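*Asks:* This one is model11.csv, CSV, C-alpha atoms.
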```
chain,number,residue,atom,x,y,z
A,1,MET,CA,141.1,78.1,179.3
A,2,ALA,CA,141.2,74.5,178.1
A,3,PRO,CA,139.6,74.0,174.7
A,4,LYS,CA,135.9,73.7,175.0
A,5,ARG,CA,133.0,73.1,172.8
A,6,GLN,CA,132.3,76.0,170.5
A,7,SER,CA,129.9,78.6,171.9
A,8,ALA,CA,127.3,80.5,170.0
A,9,LEU,CA,129.9,83.1,169.1
A,10,LEU,CA,132.3,80.6,167.5
A,11,PRO,CA,132.0,79.3,163.9
A,12,GLN,CA,129.5,76.5,163.8
A,13,SER,CA,127.9,74.4,161.2
A,14,LYS,CA,124.3,75.7,160.5
A,15,LYS,CA,121.7,74.0,162.6
A,16,PRO,CA,118.9,72.2,160.8
A,17,ARG,CA,115.8,74.2,160.6
A,18,SER,CA,113.2,73.2,163.2
A,19,ALA,CA,110.5,70.8,161.9
A,20,PRO,CA,107.5,72.6,163.6
A,21,ALA,CA,107.7,75.6,161.2
A,22,PRO,CA,105.9,74.0,158.3
A,23,LYS,CA,103.3,72.6,160.6
A,24,LEU,CA,102.7,76.1,162.0
A,25,GLU,CA,102.1,77.5,158.5
A,26,ASP,CA,99.6,74.7,157.7
A,27,LYS,CA,97.8,75.3,161.0
A,28,SER,CA,97.7,79.1,160.6
A,29,ALA,CA,96.3,78.6,157.1
A,30,SER,CA,93.4,76.7,158.5
A,31,PRO,CA,90.3,78.8,157.9
A,32,GLY,CA,88.6,77.5,161.1
A,33,LEU,CA,91.5,78.7,163.4
A,34,PRO,CA,90.4,81.5,165.9
A,35,LYS,CA,91.8,84.9,165.1
A,36,GLY,CA,93.9,85.2,168.3
A,37,GLU,CA,95.5,81.8,167.9
A,38,LYS,CA,96.2,82.6,164.2
A,39,GLU,CA,98.1,85.8,165.2
A,40,GLN,CA,100.1,83.9,167.8
A,41,GLN,CA,101.2,81.3,165.3
A,42,GLU,CA,102.2,84.0,162.8
A,43,ALA,CA,104.2,85.8,165.5
A,44,ILE,CA,106.1,82.5,166.3
A,45,GLU,CA,107.0,82.1,162.6
A,46,HIS,CA,108.3,85.6,162.5
A,47,ILE,CA,110.4,85.1,165.7
A,48,ASP,CA,111.9,82.0,164.1
A,49,GLU,CA,112.9,84.1,161.0
A,50,VAL,CA,114.4,86.8,163.2
A,51,GLN,CA,116.3,84.3,165.3
A,52,ASN,CA,117.8,82.8,162.1
A,53,GLU,CA,119.1,86.3,161.2
A,54,ILE,CA,120.6,86.6,164.7
A,55,ASP,CA,122.4,83.2,164.4
A,56,ARG,CA,123.8,84.3,161.0
A,57,LEU,CA,125.2,87.5,162.5
A,58,ASN,CA,126.7,85.5,165.4
A,59,GLU,CA,128.5,83.3,163.0
A,60,GLN,CA,129.8,86.3,161.1
A,61,ALA,CA,130.9,88.0,164.3
A,62,SER,CA,132.8,84.9,165.5
A,63,GLU,CA,134.7,84.8,162.3
A,64,GLU,CA,135.7,88.5,162.7
A,65,ILE,CA,136.6,88.0,166.4
A,66,LEU,CA,138.8,85.1,165.5
A,67,LYS,CA,140.7,87.2,162.9
A,68,VAL,CA,141.3,89.9,165.5
A,69,GLU,CA,142.5,87.4,168.1
A,70,GLN,CA,144.9,85.9,165.6
A,71,LYS,CA,146.2,89.3,164.6
A,72,TYR,CA,146.9,90.4,168.2
A,73,ASN,CA,148.2,87.0,169.2
A,74,LYS,CA,151.0,87.5,166.7
A,75,LEU,CA,151.6,91.1,167.8
A,76,ARG,CA,152.1,89.9,171.4
A,77,GLN,CA,154.7,87.3,170.6
A,78,PRO,CA,157.8,89.7,170.6
A,79,PHE,CA,156.8,91.1,173.9
A,80,PHE,CA,156.3,87.6,175.4
A,81,GLN,CA,159.8,86.8,174.2
A,82,LYS,CA,161.3,89.9,175.7
A,83,ARG,CA,159.6,89.3,179.0
A,84,SER,CA,161.0,85.7,179.1
A,85,GLU,CA,164.5,87.1,178.6
A,86,LEU,CA,164.0,89.5,181.5
A,87,ILE,CA,162.5,86.9,183.8
A,88,ALA,CA,165.5,84.6,183.2
A,89,LYS,CA,167.6,87.2,185.1
A,90,ILE,CA,165.5,86.7,188.3
A,91,PRO,CA,166.4,83.5,190.3
A,92,ASN,CA,163.4,81.3,191.3
A,93,PHE,CA,160.9,83.6,189.5
A,94,TRP,CA,158.6,80.8,188.4
A,95,VAL,CA,158.6,78.7,191.5
A,96,THR,CA,157.9,81.9,193.5
A,97,THR,CA,155.0,82.7,191.1
A,98,PHE,CA,153.5,79.3,191.5
A,99,VAL,CA,153.8,79.2,195.3
A,100,ASN,CA,152.2,82.6,195.5
A,101,HIS,CA,149.2,81.6,193.3
A,102,PRO,CA,146.4,80.3,195.6
A,103,GLN,CA,145.2,77.6,193.3
A,104,VAL,CA,148.6,76.3,192.1
A,105,SER,CA,150.1,76.4,195.6
A,106,ALA,CA,147.4,74.0,196.8
A,107,LEU,CA,148.8,71.4,194.4
A,108,LEU,CA,152.4,71.7,195.5
A,109,GLY,CA,154.1,69.5,198.0
A,110,GLU,CA,157.5,70.3,199.5
A,111,GLU,CA,159.4,68.1,197.0
A,112,ASP,CA,157.5,69.7,194.1
A,113,GLU,CA,158.7,73.1,195.2
A,114,GLU,CA,162.3,71.8,195.4
A,115,ALA,CA,162.0,70.4,191.8
A,116,LEU,CA,160.4,73.6,190.6
A,117,HIS,CA,163.5,75.6,191.8
A,118,TYR,CA,165.1,74.3,188.6
A,119,LEU,CA,162.3,75.7,186.4
A,120,THR,CA,163.8,78.5,184.3
A,121,ARG,CA,161.2,79.3,181.7
A,122,VAL,CA,157.4,78.8,181.0
A,123,GLU,CA,155.8,79.4,177.7
A,124,VAL,CA,152.2,79.2,176.5
A,125,THR,CA,151.6,78.8,172.8
A,126,GLU,CA,148.2,79.0,171.3
A,127,PHE,CA,147.8,77.2,168.0
A,128,GLU,CA,147.4,79.3,164.9
A,129,ASP,CA,143.7,79.1,164.7
A,130,ILE,CA,143.5,79.6,168.5
A,131,LYS,CA,140.2,77.8,169.0
A,132,SER,CA,141.8,74.3,168.3
A,133,GLY,CA,144.1,74.3,171.4
A,134,TYR,CA,147.3,75.3,173.0
A,135,ARG,CA,150.6,74.0,174.5
A,136,ILE,CA,152.4,74.8,177.8
A,137,ASP,CA,156.2,74.2,177.9
A,138,PHE,CA,158.3,74.1,181.1
A,139,TYR,CA,162.0,74.4,180.7
A,140,PHE,CA,164.3,73.0,183.4
A,141,ASP,CA,168.0,73.2,184.3
A,142,GLU,CA,169.9,70.1,185.0
A,143,ASN,CA,168.3,68.7,188.2
A,144,PRO,CA,168.4,65.6,190.5
A,145,TYR,CA,164.8,64.6,189.7
A,146,PHE,CA,164.5,63.9,185.9
A,147,GLU,CA,166.4,63.8,182.7
A,148,ASN,CA,164.1,66.0,180.6
A,149,LYS,CA,165.1,69.5,179.7
A,150,VAL,CA,161.5,70.4,178.6
A,151,LEU,CA,158.2,69.1,179.8
A,152,SER,CA,155.2,69.9,177.7
A,153,LYS,CA,151.4,69.4,177.7
A,154,GLU,CA,149.1,70.0,174.8
A,155,PHE,CA,145.4,70.5,174.6
A,156,HIS,CA,143.5,69.9,171.4
A,157,LEU,CA,139.9,70.3,170.2
A,158,ASN,CA,139.2,68.1,167.1
A,159,GLU,CA,136.8,68.9,164.3
A,160,SER,CA,133.9,67.2,166.1
A,161,GLY,CA,134.6,69.4,169.2
A,162,ASP,CA,135.9,66.6,171.4
A,163,PRO,CA,138.8,67.7,173.7
A,164,SER,CA,142.0,65.7,174.2
A,165,SER,CA,145.5,66.2,175.7
A,166,LYS,CA,148.9,64.7,175.5
A,167,SER,CA,152.2,65.4,177.3
A,168,THR,CA,155.9,64.6,177.6
A,169,GLU,CA,156.8,61.4,179.3
A,170,ILE,CA,158.9,62.3,182.4
A,171,LYS,CA,162.2,60.4,182.5
A,172,TRP,CA,162.6,60.1,186.3
A,173,LYS,CA,166.0,59.5,187.8
A,174,SER,CA,166.4,56.4,190.0
A,175,GLY,CA,164.4,56.8,193.2
A,176,LYS,CA,163.2,60.3,192.3
A,177,ASP,CA,159.7,59.7,190.9
A,178,LEU,CA,157.7,62.3,192.8
A,179,THR,CA,154.4,60.9,191.6
A,180,LYS,CA,155.0,57.5,193.2
A,181,ARG,CA,156.5,59.0,196.3
A,182,SER,CA,153.5,61.2,196.7
A,183,SER,CA,151.2,58.1,196.6
A,184,GLN,CA,153.3,56.3,199.1
A,185,THR,CA,153.3,59.3,201.4
A,186,GLN,CA,149.6,59.6,201.2
A,187,ASN,CA,149.1,55.9,202.1
A,188,LYS,CA,151.3,56.2,205.2
A,189,ALA,CA,149.6,59.5,206.2
A,190,SER,CA,146.1,58.0,205.9
A,191,ARG,CA,147.0,55.4,208.5
A,192,LYS,CA,148.3,58.0,211.0
A,193,ARG,CA,146.3,61.1,210.5
A,194,GLN,CA,143.3,62.4,208.6
A,195,HIS,CA,145.1,65.2,206.7
A,196,GLU,CA,146.8,64.1,203.5
A,197,GLU,CA,149.4,65.8,201.4
A,198,PRO,CA,148.3,66.9,197.9
A,199,GLU,CA,149.2,64.7,194.9
A,200,SER,CA,152.4,65.7,193.2
A,201,PHE,CA,152.2,68.6,190.8
A,202,PHE,CA,153.9,66.4,188.2
A,203,THR,CA,151.0,63.9,188.1
A,204,TRP,CA,149.3,66.6,186.0
A,205,PHE,CA,151.5,65.6,183.1
A,206,THR,CA,150.0,62.1,183.1
A,207,ASP,CA,146.4,63.0,183.8
A,208,HIS,CA,144.4,63.1,180.6
A,209,SER,CA,141.1,62.1,182.2
A,210,ASP,CA,139.2,65.4,181.5
A,211,ALA,CA,141.1,67.5,178.9
A,212,GLY,CA,138.1,69.7,178.4
A,213,ALA,CA,138.1,70.9,182.1
A,214,ASP,CA,141.8,70.9,183.0
A,215,GLU,CA,141.9,73.4,185.8
A,216,LEU,CA,145.6,73.8,186.1
A,217,GLY,CA,146.1,74.2,182.4
A,218,GLU,CA,143.4,76.9,182.3
A,219,VAL,CA,144.9,78.7,185.3
A,220,ILE,CA,148.4,78.8,183.8
A,221,LYS,CA,147.1,79.9,180.4
A,222,ASP,CA,144.5,82.4,181.3
A,223,ASP,CA,145.6,83.7,184.7
A,224,ILE,CA,149.3,83.3,185.2
A,225,TRP,CA,150.7,83.6,181.7
A,226,PRO,CA,149.2,87.0,180.8
A,227,ASN,CA,150.8,88.6,183.8
A,228,PRO,CA,153.0,86.4,186.0
A,229,LEU,CA,154.7,89.4,187.7
A,230,GLN,CA,151.6,90.1,189.7
A,231,TYR,CA,151.9,86.8,191.5
A,232,TYR,CA,155.7,87.0,191.8
A,233,LEU,CA,155.3,90.3,193.7
A,234,VAL,CA,152.5,89.0,196.1
A,235,PRO,CA,153.7,89.6,199.7
A,236,ASP,CA,154.5,86.5,201.8
A,237,MET,CA,151.3,85.6,203.5
A,238,ASP,CA,153.1,84.2,206.5
A,239,ASP,CA,154.9,87.6,207.0
A,240,GLU,CA,151.6,89.4,206.8
A,241,GLU,CA,150.0,87.1,209.3
A,242,GLY,CA,153.0,87.5,211.6
A,243,GLU,CA,152.7,91.3,211.4
A,244,ALA,CA,149.0,91.1,212.1
A,245,GLU,CA,149.6,89.0,215.2
A,246,ASP,CA,152.2,91.4,216.4
A,247,ASP,CA,149.8,94.3,215.9
A,248,ASP,CA,147.1,92.4,217.9
A,249,ASP,CA,149.6,91.7,220.7
A,250,ASP,CA,150.5,95.4,220.8
A,251,ASP,CA,146.9,96.4,220.9
A,252,GLU,CA,146.2,94.0,223.8
A,253,GLU,CA,149.2,95.4,225.8
A,254,GLU,CA,148.0,98.9,225.3
A,255,GLU,CA,144.5,98.0,226.4
A,256,GLY,CA,145.9,96.3,229.5
A,257,LEU,CA,148.0,99.4,230.4
A,258,GLU,CA,144.9,101.6,229.9
A,259,ASP,CA,142.9,99.4,232.2
A,260,ILE,CA,145.6,99.6,234.9
A,261,ASP,CA,145.8,103.4,234.6
A,262,GLU,CA,142.0,103.6,234.9
A,263,GLU,CA,142.1,101.4,238.0
A,264,GLY,CA,144.8,103.5,239.5
A,265,ASP,CA,142.8,106.7,238.9
A,266,GLU,CA,139.8,105.2,240.6
A,267,ASP,CA,141.8,104.2,243.6
A,268,GLU,CA,143.3,107.7,243.9
A,269,GLY,CA,139.7,109.1,243.7
A,270,GLU,CA,138.5,106.9,246.5
A,271,GLU,CA,141.5,107.9,248.7
A,272,ASP,CA,140.7,111.6,248.1
A,273,GLU,CA,137.1,111.0,249.1
A,274,ASP,CA,138.2,109.3,252.3
A,275,ASP,CA,140.5,112.3,253.2
A,276,ASP,CA,137.8,114.8,252.6
A,277,GLU,CA,135.4,112.8,254.8
A,278,GLY,CA,138.1,112.8,257.6
A,279,GLU,CA,138.6,116.5,257.4
A,280,GLU,CA,134.9,117.2,257.6
A,281,GLY,CA,134.7,115.0,260.7
A,282,GLU,CA,137.4,116.9,262.5
A,283,GLU,CA,135.7,120.2,261.7
A,284,ASP,CA,132.5,119.0,263.2
A,285,GLU,CA,134.2,118.0,266.4
A,286,GLY,CA,135.8,121.4,266.7
A,287,GLU,CA,132.5,123.1,266.5
A,288,ASP,CA,131.0,120.9,269.2
A,289,ASP,CA,133.8,121.9,271.6
```
Represent the structure of the file as structure tokens.
*Replies:*
Amino acid sequence: MAPKRQSALLPQSKKPRSAPAPKLEDKSASPGLPKGEKEQQEAIEHIDEVQNEIDRLNEQASEEILKVEQKYNKLRQPFFQKRSELIAKIPNFWVTTFVNHPQVSALLGEEDEEALHYLTRVEVTEFEDIKSGYRIDFYFDENPYFENKVLSKEFHLNESGDPSSKSTEIKWKSGKDLTKRSSQTQNKASRKRQHEEPESFFTWFTDHSDAGADELGEVIKDDIWPNPLQYYLVPDMDDEEGEAEDDDDDDEEEEGLEDIDEEGDEDEGEEDEDDDEGEEGEEDEGEDD
């Protein structure tokens, strides 16, 4: 997730003790205070003391958790490197992964997908102390869209807890700026139809408006990066829908055939009844003679 303000489990500076506590002591010491109210005030003071102990343990726990995270983050690095080497052997691995991810695919236009076919590697690096931020690097082959070999975006949390981000400036080739083309496409579309294409995926690199709640950064870091293979292997939804429609058509055809068979059986039953009635009528005429 994008760096956020520290929670109760992260190291924090000690909060100032609440001002009401001394007043409560003075009030409880009043000889004229009713017994029930005096006990209530004493209970509140004891709760405050216990809560301070809980806060102290939370601070201690956050320090221990951070050490464990740092330890295992280092242990994971060789496996991430090995995984990247294996992924490099699979053509279009990352563009397929992004297209198969429901949230990321919603941000991709057709030209974004074309550009992402040149994406060869993605890396997520958490800063050493983890809680201060992370960086996402995108490595590209030579492509007709921009000059950069690497596009990066970093997320930081400063000492005061304020989030910020910065990214690589994309050096677009002449006439290939997908962020401007996306804007022009949307303006034309708005005049002709209600539906508008999504903004270009690459506008994300220039958007620093809300670094503390960067949805795409969080999705890549916390959902895709830990296990991209699960999204690469997602079946094509169009194929699944096509198979479902074929199954529905087959079911309808079978139901239609069953209805025809049932109607045929009913007609045969009616004919048999007419034949029986005819034979009974002939027998009655014979008896009269």
*Asks:* Just give me the gap between CA of Lys166 (chain A) and CA of Glu123 (chain A) in Å, one decimal is fine.
*Replies:*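 Straight-line distance from CA of Lys166 (chain A) to CA of Glu123 (chain A) works out to 16.4 Å.
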*Asks:* So, with all atoms listed in the file as the atoms that count, which of A:Leu157, A:Ile224, A:Leu57, A:Leu178 lies closest to Gly212 (chain A)?
*Replies:*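 Of A:Leu157, A:Ile224, A:Leu57, A:Leu178, the one nearest Gly212 (chain A) is A:Leu157, counting all atoms listed in the file.
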*Asks:* So how far away is CA of Phe201 (chain A) from CA of Phe93 (chain A), in Å?
*Replies:*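 For CA of Phe93 (chain A) relative to CA of Phe201 (chain A), the distance reads 17.4 Å.
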*Asks:* Tell me which protein, DNA and RNA residues are within 12 Å of Asn143 (chain A), counting all atoms listed in the file, leaving out same-chain ones fewer than 5 positions away, and put them as a list in words.
*Replies:*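 Listing them by chain and then by number gives Glu114, Ala115, Leu116, His117, Tyr118, Leu119, Thr120, Asn148, Lys149, Val150, Lys171, Trp172, Lys173 and Lys176 of chain A.
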*Asks:* If I take CA of Ser132 (chain A) and CA of Phe79 (chain A), how far is one from the other in Å, to one decimal?
*Replies:*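 If I compute the distance from CA of Ser132 (chain A) to CA of Phe79 (chain A), I get 23.2 Å.
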*Asks:* For region 135-146 of chain A, which lacks atoms in the input, supply all heavy atoms and format the output as a compact mmCIF listing (two decimals), keeping the file's coordinate frame.
*Replies:*
```
# COMPACT_ATOMS: atom_id res chain seq x y z
N ARG A 135 149.54 74.84 173.88
CA ARG A 135 150.60 74.00 174.50
C ARG A 135 151.29 74.82 175.57
O ARG A 135 151.52 76.03 175.43
CB ARG A 135 151.60 73.58 173.44
CG ARG A 135 152.67 72.63 173.98
CD ARG A 135 153.69 72.23 172.92
NE ARG A 135 154.58 73.33 172.55
CZ ARG A 135 154.50 73.99 171.39
NH1 ARG A 135 153.60 73.65 170.48
NH2 ARG A 135 155.33 74.97 171.12
N ILE A 136 151.63 74.15 176.69
CA ILE A 136 152.40 74.80 177.80
C ILE A 136 153.73 74.05 177.88
O ILE A 136 153.77 72.83 178.01
CB ILE A 136 151.65 74.71 179.12
CG1 ILE A 136 150.26 75.33 178.99
CG2 ILE A 136 152.45 75.44 180.19
CD1 ILE A 136 149.43 75.24 180.27
N ASP A 137 154.83 74.80 177.80
CA ASP A 137 156.20 74.20 177.90
C ASP A 137 156.86 74.71 179.16
O ASP A 137 156.82 75.90 179.50
CB ASP A 137 157.02 74.68 176.68
CG ASP A 137 156.46 74.18 175.36
OD1 ASP A 137 156.14 72.98 175.27
OD2 ASP A 137 156.34 74.99 174.43
N PHE A 138 157.50 73.75 179.86
CA PHE A 138 158.30 74.10 181.10
C PHE A 138 159.72 73.69 180.81
O PHE A 138 160.03 72.53 180.53
CB PHE A 138 157.74 73.23 182.26
CG PHE A 138 156.29 73.48 182.60
CD1 PHE A 138 155.27 72.87 181.86
CD2 PHE A 138 155.94 74.31 183.65
CE1 PHE A 138 153.94 73.09 182.18
CE2 PHE A 138 154.61 74.53 183.98
CZ PHE A 138 153.62 73.93 183.24
N TYR A 139 160.62 74.67 180.94
CA TYR A 139 162.00 74.40 180.70
C TYR A 139 162.79 74.35 182.02
O TYR A 139 162.63 75.21 182.90
CB TYR A 139 162.62 75.60 179.86
CG TYR A 139 162.04 75.69 178.46
CD1 TYR A 139 160.80 76.28 178.22
CD2 TYR A 139 162.73 75.17 177.36
CE1 TYR A 139 160.27 76.36 176.94
CE2 TYR A 139 162.21 75.25 176.07
CZ TYR A 139 160.98 75.85 175.88
OH TYR A 139 160.46 75.92 174.61
N PHE A 140 163.62 73.29 182.14
CA PHE A 140 164.30 73.00 183.40
C PHE A 140 165.84 73.00 183.17
O PHE A 140 166.33 72.56 182.12
CB PHE A 140 163.90 71.69 183.99
CG PHE A 140 162.50 71.69 184.53
CD1 PHE A 140 161.41 71.43 183.70
CD2 PHE A 140 162.26 71.92 185.88
CE1 PHE A 140 160.12 71.41 184.20
CE2 PHE A 140 160.98 71.91 186.40
CZ PHE A 140 159.90 71.65 185.56
N ASP A 141 166.57 73.45 184.20
CA ASP A 141 168.00 73.20 184.30
C ASP A 141 168.27 71.79 184.65
O ASP A 141 167.36 71.06 185.06
CB ASP A 141 168.65 74.17 185.29
CG ASP A 141 168.90 75.57 184.72
OD1 ASP A 141 168.96 75.69 183.48
OD2 ASP A 141 169.04 76.51 185.52
N GLU A 142 169.53 71.39 184.55
CA GLU A 142 169.90 70.10 185.00
C GLU A 142 169.51 69.95 186.50
O GLU A 142 169.73 70.85 187.31
CB GLU A 142 171.44 69.91 184.92
CG GLU A 142 171.98 68.60 185.43
CD GLU A 142 171.55 67.43 184.55
OE1 GLU A 142 171.32 67.65 183.34
OE2 GLU A 142 171.47 66.29 185.08
N ASN A 143 168.85 68.83 186.84
CA ASN A 143 168.30 68.70 188.20
C ASN A 143 168.41 67.24 188.65
O ASN A 143 168.59 66.34 187.83
CB ASN A 143 166.87 69.19 188.26
CG ASN A 143 165.94 68.36 187.40
OD1 ASN A 143 165.49 67.29 187.81
ND2 ASN A 143 165.65 68.83 186.18
N PRO A 144 168.28 66.98 189.94
CA PRO A 144 168.40 65.60 190.50
C PRO A 144 167.17 64.76 190.33
O PRO A 144 167.15 63.62 190.80
CB PRO A 144 168.75 65.85 191.94
CG PRO A 144 168.09 67.15 192.27
CD PRO A 144 168.18 67.98 191.02
N TYR A 145 166.10 65.29 189.70
CA TYR A 145 164.80 64.60 189.70
C TYR A 145 164.55 63.85 188.35
O TYR A 145 164.12 62.70 188.35
CB TYR A 145 163.68 65.55 189.97
CG TYR A 145 163.74 66.10 191.37
CD1 TYR A 145 164.36 67.32 191.62
CD2 TYR A 145 163.21 65.40 192.44
CE1 TYR A 145 164.44 67.83 192.92
CE2 TYR A 145 163.28 65.89 193.74
CZ TYR A 145 163.90 67.11 193.97
OH TYR A 145 163.99 67.60 195.24
N PHE A 146 164.76 64.52 187.20
CA PHE A 146 164.50 63.90 185.90
C PHE A 146 165.45 64.35 184.85
O PHE A 146 166.12 65.37 185.01
CB PHE A 146 163.02 64.14 185.48
CG PHE A 146 162.56 65.56 185.65
CD1 PHE A 146 162.90 66.55 184.74
CD2 PHE A 146 161.79 65.91 186.75
CE1 PHE A 146 162.47 67.86 184.91
CE2 PHE A 146 161.35 67.22 186.93
CZ PHE A 146 161.69 68.19 185.99
```
